[in-house]
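**Q** mmCIF, C-alpha atoms, file run.cif:
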data_query
loop_
_atom_site.label_atom_id
_atom_site.label_comp_id
_atom_site.auth_asym_id
_atom_site.auth_seq_id
_atom_site.Cartn_x
_atom_site.Cartn_y
_atom_site.Cartn_z
CA HIS F 13 189.68 100.37 164.22
CA PRO F 14 187.13 103.11 165.04
CA HIS F 15 183.39 102.45 164.98
CA TYR F 16 180.53 104.39 163.40
CA ASP F 17 177.11 104.82 165.04
CA ALA F 18 174.61 105.81 162.36
CA LYS F 19 171.86 106.60 164.89
CA ARG F 20 174.08 109.09 166.72
CA ALA F 21 175.84 110.21 163.50
CA CYS F 22 179.31 109.92 164.95
CA HIS F 23 182.45 107.84 165.03
CA TYR F 24 183.82 106.37 168.24
CA SER F 25 187.45 105.69 168.97
CA TYR F 26 189.90 105.59 171.84
CA ILE F 27 193.25 107.20 172.58
CA ALA F 28 195.91 105.75 174.87
CA ASP F 29 197.86 108.57 176.52
CA LEU F 30 201.11 106.99 177.72
CA GLY F 31 203.27 108.70 180.33
CA PHE F 32 203.82 109.03 184.07
CA ARG F 33 200.02 109.08 184.34
CA SER F 34 198.61 106.91 181.57
CA VAL F 35 194.93 106.92 180.65
CA TYR F 36 192.57 105.53 178.05
CA ARG F 37 190.31 108.20 176.56
CA LEU F 38 187.11 107.20 174.75
CA ILE F 39 186.05 109.86 172.27
CA SER F 40 183.31 110.59 169.75
CA ILE F 41 183.69 112.56 166.52
CA SER F 42 180.44 113.77 165.01
CA ASP F 43 179.78 114.02 161.30
CA ASP F 44 180.45 117.78 161.47
CA GLY F 45 183.92 117.12 162.96
CA ALA F 46 183.17 118.06 166.57
CA GLN F 47 185.13 115.91 169.02
CA ARG F 48 183.99 115.05 172.54
CA GLN F 49 185.62 113.00 175.28
CA ILE F 50 183.19 110.43 176.63
CA ALA F 51 185.22 108.79 179.39
CA GLU F 52 188.70 108.54 180.85
CA ILE F 53 190.05 105.36 182.45
CA PRO F 54 193.37 105.52 184.35
CA VAL F 55 195.81 102.68 183.68
CA GLU F 56 199.24 101.89 185.14
CA ARG F 57 200.56 99.64 182.35
CA PRO F 58 198.65 100.22 179.11
CA SER F 59 197.57 97.26 177.02
CA TYR F 60 198.10 96.63 173.32
CA MET F 61 194.58 97.01 171.90
CA HIS F 62 194.27 96.89 168.12
CA SER F 63 190.47 97.25 168.21
CA PHE F 64 187.54 97.60 170.62
CA GLY F 65 183.89 96.65 170.85
CA MET F 66 180.67 98.63 170.36
CA SER F 67 177.06 97.72 171.06
CA GLU F 68 174.07 99.99 170.52
CA GLU F 69 174.43 101.62 173.96
CA HIS F 70 177.95 100.75 175.15
CA LEU F 71 181.61 100.89 174.22
CA VAL F 72 183.85 98.00 175.32
CA LEU F 73 187.57 98.40 175.87
CA THR F 74 189.15 94.94 176.00
CA GLU F 75 192.48 95.04 177.84
CA PHE F 76 194.58 92.08 176.81
CA PRO F 77 197.46 91.21 179.15
CA LEU F 78 200.08 92.34 176.63
CA VAL F 79 201.20 95.47 178.46
CA VAL F 80 203.95 98.07 178.47
CA ASN F 81 205.76 100.27 180.94
CA PRO F 82 205.48 103.68 179.24
CA ILE F 83 208.98 104.62 180.39
CA ASP F 84 210.36 101.72 178.35
CA LEU F 85 208.87 103.20 175.19
CA ARG F 86 210.86 106.37 175.74
CA LEU F 87 214.16 104.92 176.97
CA SER F 88 214.63 101.36 175.70
CA GLY F 89 215.51 102.14 172.09
CA LYS F 90 213.59 99.04 170.97
CA PRO F 91 210.92 98.93 168.26
CA PHE F 92 207.46 99.80 169.60
CA ILE F 93 205.96 96.32 170.00
CA ARG F 94 209.09 94.78 171.54
CA ASN F 95 208.54 96.86 174.65
CA TYR F 96 205.31 94.99 175.43
CA ARG F 97 205.30 92.00 177.77
CA TRP F 98 202.82 89.12 177.96
CA GLU F 99 201.61 88.92 181.59
CA PRO F 100 198.80 86.34 181.67
CA GLU F 101 198.44 86.61 185.44
CA ARG F 102 196.72 89.95 184.81
CA GLY F 103 193.91 88.21 182.95
CA LEU F 104 191.70 89.73 180.28
CA ARG F 105 189.87 92.85 181.42
CA PHE F 106 186.69 94.33 179.98
CA HIS F 107 185.74 97.99 180.59
CA VAL F 108 182.13 98.74 179.60
CA VAL F 109 181.18 102.43 179.19
CA GLU F 110 177.78 103.96 178.43
CA LYS F 111 177.84 105.96 175.20
CA ASN F 112 175.46 108.68 176.35
CA SER F 113 176.65 109.34 179.90
CA GLY F 114 180.26 108.16 179.81
CA ARG F 115 179.59 106.14 182.95
CA LEU F 116 181.85 103.16 183.55
CA VAL F 117 179.23 100.44 183.93
CA ARG F 118 181.58 97.61 184.83
CA SER F 119 185.21 96.53 184.79
CA VAL F 120 185.61 92.78 185.05
CA THR F 121 188.42 90.26 184.56
CA ALA F 122 188.34 86.96 182.65
CA ASP F 123 190.89 84.33 181.67
CA ALA F 124 193.89 85.64 179.74
CA THR F 125 193.58 85.68 175.95
CA PHE F 126 194.70 87.87 173.07
CA ALA F 127 193.15 89.32 169.92
CA PHE F 128 193.72 91.78 167.12
CA HIS F 129 190.19 92.12 165.76
CA HIS F 130 186.82 92.50 167.40
CA VAL F 131 183.91 91.25 165.30
CA ASN F 132 180.86 92.77 167.00
CA ALA F 133 179.15 93.32 170.36
CA PHE F 134 175.45 93.42 171.21
CA ALA F 135 173.02 93.34 174.12
CA ASP F 136 172.38 89.82 175.41
CA GLY F 137 169.85 89.72 178.24
CA ASP F 138 171.34 91.53 181.24
CA GLY F 139 174.79 91.59 179.67
CA LEU F 140 176.76 92.01 176.47
CA ALA F 141 177.98 89.49 173.94
CA VAL F 142 181.46 90.51 172.80
CA ASP F 143 182.84 88.59 169.81
CA PHE F 144 186.44 88.68 168.62
CA ILE F 145 189.07 86.46 167.00
CA ALA F 146 190.84 85.02 170.05
CA TYR F 147 194.32 83.58 170.45
CA PRO F 148 195.61 81.74 173.55
CA ASP F 149 198.48 84.24 173.87
CA ALA F 150 200.31 86.99 171.98
CA SER F 151 202.88 84.74 170.28
CA ALA F 152 201.11 85.36 166.96
CA ILE F 153 202.91 88.71 166.80
CA ASP F 154 206.29 86.96 166.65
CA GLN F 155 205.25 85.20 163.44
CA LEU F 156 204.49 88.42 161.60
CA TYR F 157 207.91 90.08 161.42
CA LEU F 158 209.02 90.71 157.85
CA ALA F 159 212.32 88.85 158.28
CA ARG F 160 210.44 85.74 159.31
CA LEU F 161 208.07 85.97 156.37
CA ARG F 162 210.96 86.47 153.93
CA ALA F 163 212.60 83.33 155.36
CA SER F 164 209.44 81.34 154.54
CA ALA F 165 209.04 80.33 158.18
CA PRO F 166 205.67 78.68 158.91
CA VAL F 167 202.90 81.13 159.74
CA THR F 168 199.99 79.80 161.75
CA ALA F 169 198.88 83.11 163.24
CA THR F 170 195.12 82.74 163.04
CA GLY F 171 192.66 82.70 165.92
CA LYS F 172 189.15 81.41 166.49
CA LEU F 173 185.87 83.28 166.60
CA THR F 174 185.04 83.41 170.31
CA ARG F 175 182.11 84.96 172.18
CA PHE F 176 182.58 86.46 175.64
CA ARG F 177 179.43 87.18 177.64
CA VAL F 178 179.97 90.12 179.98
CA PRO F 179 177.26 90.53 182.67
CA LEU F 180 176.50 94.17 183.44
CA GLN F 181 174.79 93.63 186.79
CA GLY F 182 176.04 92.16 190.05
CA ASP F 183 179.30 90.26 190.27
CA ALA F 184 178.55 87.43 187.84
CA PRO F 185 181.69 86.19 186.04
CA VAL F 186 182.49 86.51 182.36
CA THR F 187 181.87 83.33 180.37
CA HIS F 188 183.07 82.45 176.89
CA GLY F 189 182.83 79.85 174.15
CA ILE F 190 184.27 79.24 170.71
CA LEU F 191 181.80 79.89 167.89
CA VAL F 192 183.98 78.69 165.03
CA ASP F 193 186.44 75.89 165.78
CA ALA F 194 188.73 76.67 162.86
CA PRO F 195 191.44 79.28 162.24
CA ILE F 196 190.05 82.56 160.92
CA GLU F 197 191.08 86.21 160.69
CA LEU F 198 190.13 89.55 159.09
CA PRO F 199 186.46 89.23 160.11
CA ARG F 200 183.74 91.28 158.44
CA ILE F 201 180.01 91.68 159.06
CA THR F 202 177.31 93.67 157.24
CA TYR F 203 178.36 96.68 159.26
CA GLU F 204 175.84 99.29 158.15
CA GLY F 205 172.86 97.30 159.40
CA HIS F 206 174.33 95.21 162.21
CA ALA F 207 177.15 97.04 163.99
CA GLY F 208 176.33 96.81 167.69
CA LYS F 209 173.36 94.54 167.07
CA LEU F 210 172.58 90.84 166.84
CA TYR F 211 174.13 89.63 163.59
CA HIS F 212 173.87 86.45 161.60
CA CYS F 213 176.58 86.46 158.94
CA LEU F 214 180.33 86.68 159.27
CA TRP F 215 182.93 86.62 156.53
CA GLY F 216 186.54 85.82 157.33
CA LYS F 217 189.79 84.48 155.93
CA ARG F 218 192.03 81.63 156.87
CA ALA F 219 195.47 80.67 155.50
CA THR F 220 195.62 77.23 153.93
CA SER F 221 199.13 77.51 152.48
CA PHE F 222 201.83 80.10 152.03
CA CYS F 223 203.86 81.02 148.96
CA ARG F 224 207.58 81.49 149.35
CA SER F 225 208.64 85.12 149.46
CA THR F 226 210.87 86.29 146.66
CA GLY F 227 212.86 89.51 146.49
CA SER F 228 211.00 92.38 148.10
CA GLN F 229 207.62 90.66 147.95
CA SER F 230 206.09 89.43 151.19
CA ALA F 231 204.63 85.97 151.65
CA ALA F 232 201.20 85.71 150.03
CA PRO F 233 198.67 83.33 151.62
CA MET F 234 196.23 81.26 149.65
CA ILE F 235 192.93 81.85 151.41
CA SER F 236 189.41 80.53 151.66
CA SER F 237 186.41 82.22 153.18
CA GLY F 238 183.24 81.31 154.95
CA CYS F 239 179.93 82.56 156.28
CA LEU F 240 178.21 82.25 159.64
CA ALA F 241 174.43 82.07 159.30
CA PRO F 242 171.41 81.42 161.57
CA SER F 243 168.60 78.90 161.61
CA GLU F 244 165.35 80.38 160.37
CA SER F 245 163.37 78.48 162.98
CA ASP F 246 165.16 78.92 166.30
CA ALA F 247 167.88 81.60 165.94
CA LYS F 248 170.64 79.11 166.71
CA PRO F 249 173.78 79.94 164.74
CA TRP F 250 174.61 77.82 161.72
CA LEU F 251 178.10 77.78 160.31
CA ALA F 252 178.49 77.02 156.64
CA SER F 253 180.83 77.25 153.69
CA SER F 254 180.67 80.31 151.47
CA GLY F 255 181.59 78.15 148.50
CA THR F 256 178.03 76.82 148.33
CA ALA F 257 176.20 79.57 150.18
CA ASN F 258 174.03 82.39 148.94
CA CYS F 259 174.07 84.29 152.21
CA THR F 260 171.97 87.19 153.42
CA GLU F 261 171.24 88.33 156.96
CA ARG F 262 167.93 86.44 156.89
CA ARG F 263 168.92 83.18 155.28
CA CYS F 264 171.84 81.06 154.15
CA ALA F 265 170.82 78.64 151.40
CA LEU F 266 173.26 75.75 151.01
CA GLN F 267 173.51 73.01 148.46
CA SER F 268 174.64 70.48 151.05
CA GLY F 269 172.98 71.97 154.13
CA PRO F 270 174.55 73.53 157.23
CA THR F 271 175.69 71.72 160.35
CA ARG F 272 174.21 72.80 163.66
CA ILE F 273 175.63 71.72 167.01
CA GLY F 274 174.18 74.10 169.56
CA ARG F 275 173.25 77.65 170.41
CA ASP F 276 176.75 79.09 170.48
CA VAL F 277 178.98 76.64 168.65
CA GLY F 278 179.10 75.02 165.25
CA VAL F 279 181.28 73.67 162.50
CA TRP F 280 183.00 75.89 159.92
CA HIS F 281 183.17 74.28 156.49
CA PHE F 282 185.73 75.86 154.15
CA ALA F 283 185.37 75.72 150.41
CA ASP F 284 188.38 74.18 148.68
CA MET F 285 189.83 77.09 146.73
CA LEU F 286 193.33 75.74 146.03
#
Could you show the structure in this file as structure tokens?

**A**
Amino acid sequence: HPHYDAKRACHYSYIADLGFRSVYRLISISDDGAQRQIAEIPVERPSYMHSFGMSEEHLVLTEFPLVVNPIDLRLSGKPFIRNYRWEPERGLRFHVVEKNSGRLVRSVTADATFAFHHVNAFADGDGLAVDFIAYPDASAIDQLYLARLRASAPVTATGKLTRFRVPLQGDAPVTHGILVDAPIELPRITYEGHAGKLYHCLWGKRATSFCRSTGSQSAAPMISSGCLAPSESDAKPWLASSGTANCTERRCALQSGPTRIGRDVGVWHFADML
């Protein structure tokens, strides 16, 4: 999942070069097609990273402890993902790089977790808030093989919206908290106006039941969606159901009213769509 920075008129992405000397390369591609390498980070055992984070001034590579020995990819004969190993003792590692200079601002480790999709990242005081859909481990991948879906095996592979705060100065630790205490995936924000910035609304999907697969068709989930919205008065997040919400970035008007618990957590109400 690349990112687009409208102010700089370029896309950002990363490349994992796997070999005897593996590296992550952060790159920019301008609107005229010119490509530039921003930074290079050496790595011994590359991580499976489906997405990455971007704030207004920084790029955030999030190394989950699902890692691979590059030699195995060449010699094992196994499908790509089966070469990766979950090694929670490595922890979760954030690499924060300045967009303009390519300087590695900080690399810091937190408790092991896994994710497919970042939601957003933005400046938060002397650090960054990095939001993604977090899982306790990488076992969600095992539920997504086609053979399992065709066998109508239960699929519970959804994570929770979690915010990690990454300090950029000193040696302060990374902290984190769950923003939405309900299963959610495929997150979307109003990207054009809020990528890399403080945001107030989030749309996502959760599976509430699964249809049995027939023939060549894959299992099709019945889904409901929701919206994360702020308080007008004190900027504390409010989490509310999209079934009754008319949501914009400034306001979320609800028939029944939102539930607020605190600055960084809340309750996610799902509309009954079944």

**Q** Please provide the set of residues having any atom within 9 Å of stretch 136-147 of chain F, restricted to all atoms listed in the file, with same-chain residues fewer than 6 positions apart removed, written as an MDAnalysis selection string.

**A** chainID F and resid 65:67 70 72 125:130 169:181 190:191 195:199 210

**Q** Could you write out that same residue set with C-alpha atoms as a CSV table (one decimal), in the coordinates of the input?

**A**
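Saved result, part-v3.csv, follows:
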chain,number,residue,atom,x,y,z
F,65,GLY,CA,183.9,96.6,170.8
F,66,MET,CA,180.7,98.6,170.4
F,67,SER,CA,177.1,97.7,171.1
F,70,HIS,CA,178.0,100.8,175.2
F,72,VAL,CA,183.8,98.0,175.3
F,125,THR,CA,193.6,85.7,176.0
F,126,PHE,CA,194.7,87.9,173.1
F,127,ALA,CA,193.2,89.3,169.9
F,128,PHE,CA,193.7,91.8,167.1
F,129,HIS,CA,190.2,92.1,165.8
F,130,HIS,CA,186.8,92.5,167.4
F,169,ALA,CA,198.9,83.1,163.2
F,170,THR,CA,195.1,82.7,163.0
F,171,GLY,CA,192.7,82.7,165.9
F,172,LYS,CA,189.2,81.4,166.5
F,173,LEU,CA,185.9,83.3,166.6
F,174,THR,CA,185.0,83.4,170.3
F,175,ARG,CA,182.1,85.0,172.2
F,176,PHE,CA,182.6,86.5,175.6
F,177,ARG,CA,179.4,87.2,177.6
F,178,VAL,CA,180.0,90.1,180.0
F,179,PRO,CA,177.3,90.5,182.7
F,180,LEU,CA,176.5,94.2,183.4
F,181,GLN,CA,174.8,93.6,186.8
F,190,ILE,CA,184.3,79.2,170.7
F,191,LEU,CA,181.8,79.9,167.9
F,195,PRO,CA,191.4,79.3,162.2
F,196,ILE,CA,190.0,82.6,160.9
F,197,GLU,CA,191.1,86.2,160.7
F,198,LEU,CA,190.1,89.6,159.1
F,199,PRO,CA,186.5,89.2,160.1
F,210,LEU,CA,172.6,90.8,166.8

**Q** Rounded to one decimal in Å, what is the spacing between atom CA of F:Leu30 and atom CA of F:Ala159?

**A**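 For atom CA of F:Leu30 relative to atom CA of F:Ala159, the distance reads 28.9 Å.
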
**Q** To one decimal place in Å, what is the distance between atom CA of F:Tyr36 and atom CA of F:Ala135?

**A**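 Those two atoms sit 23.4 Å apart.
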
**Q** Could you jot down the atom CA of F:Lys209 to atom CA of F:Val35 separation for me, Å, one decimal place?

**A**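 Computing it gives 28.3 Å between the two atoms.
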
**Q** If you take every atom of stretch 19-38 of chain F that the file lists and fit an axis-aligned box around them with 3 Å extra on each side, what centre and edge lengths come out in Å to one decimal, as lines of an AutoDock Vina configuration file?

**A**
center_x = 187.8
center_y = 107.9
center_z = 173.9
size_x = 38.0
size_y = 10.7
size_z = 26.8

**Q** Convert the output of the PyMOL selection byres ((chain F and resi 84) around 12) on the shown file into explicit residues, formatted as a PyMOL selection string.

**A** chain F and resi 30-32+57-58+79-83+85-97

**Q** Tell me which of F:Tyr157, F:Arg48, F:Pro148, F:Val131 sits closest to F:Arg200, counting all atoms listed in the file.

**A**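 Under the stated criterion, the closest residue is F:Val131.
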
**Q** Given the file above and the PyMOL selection byres ((chain F and resi 109) around 9), which residues are selected, and can you give them as a list in words?

**A** Leu38, Ile50, Ala51, Glu69, His70, Leu71, Val72, Leu73, His107, Val108, Glu110, Lys111, Asn112, Ser113, Gly114, Arg115, Leu116, Val117 and Arg118 of chain F
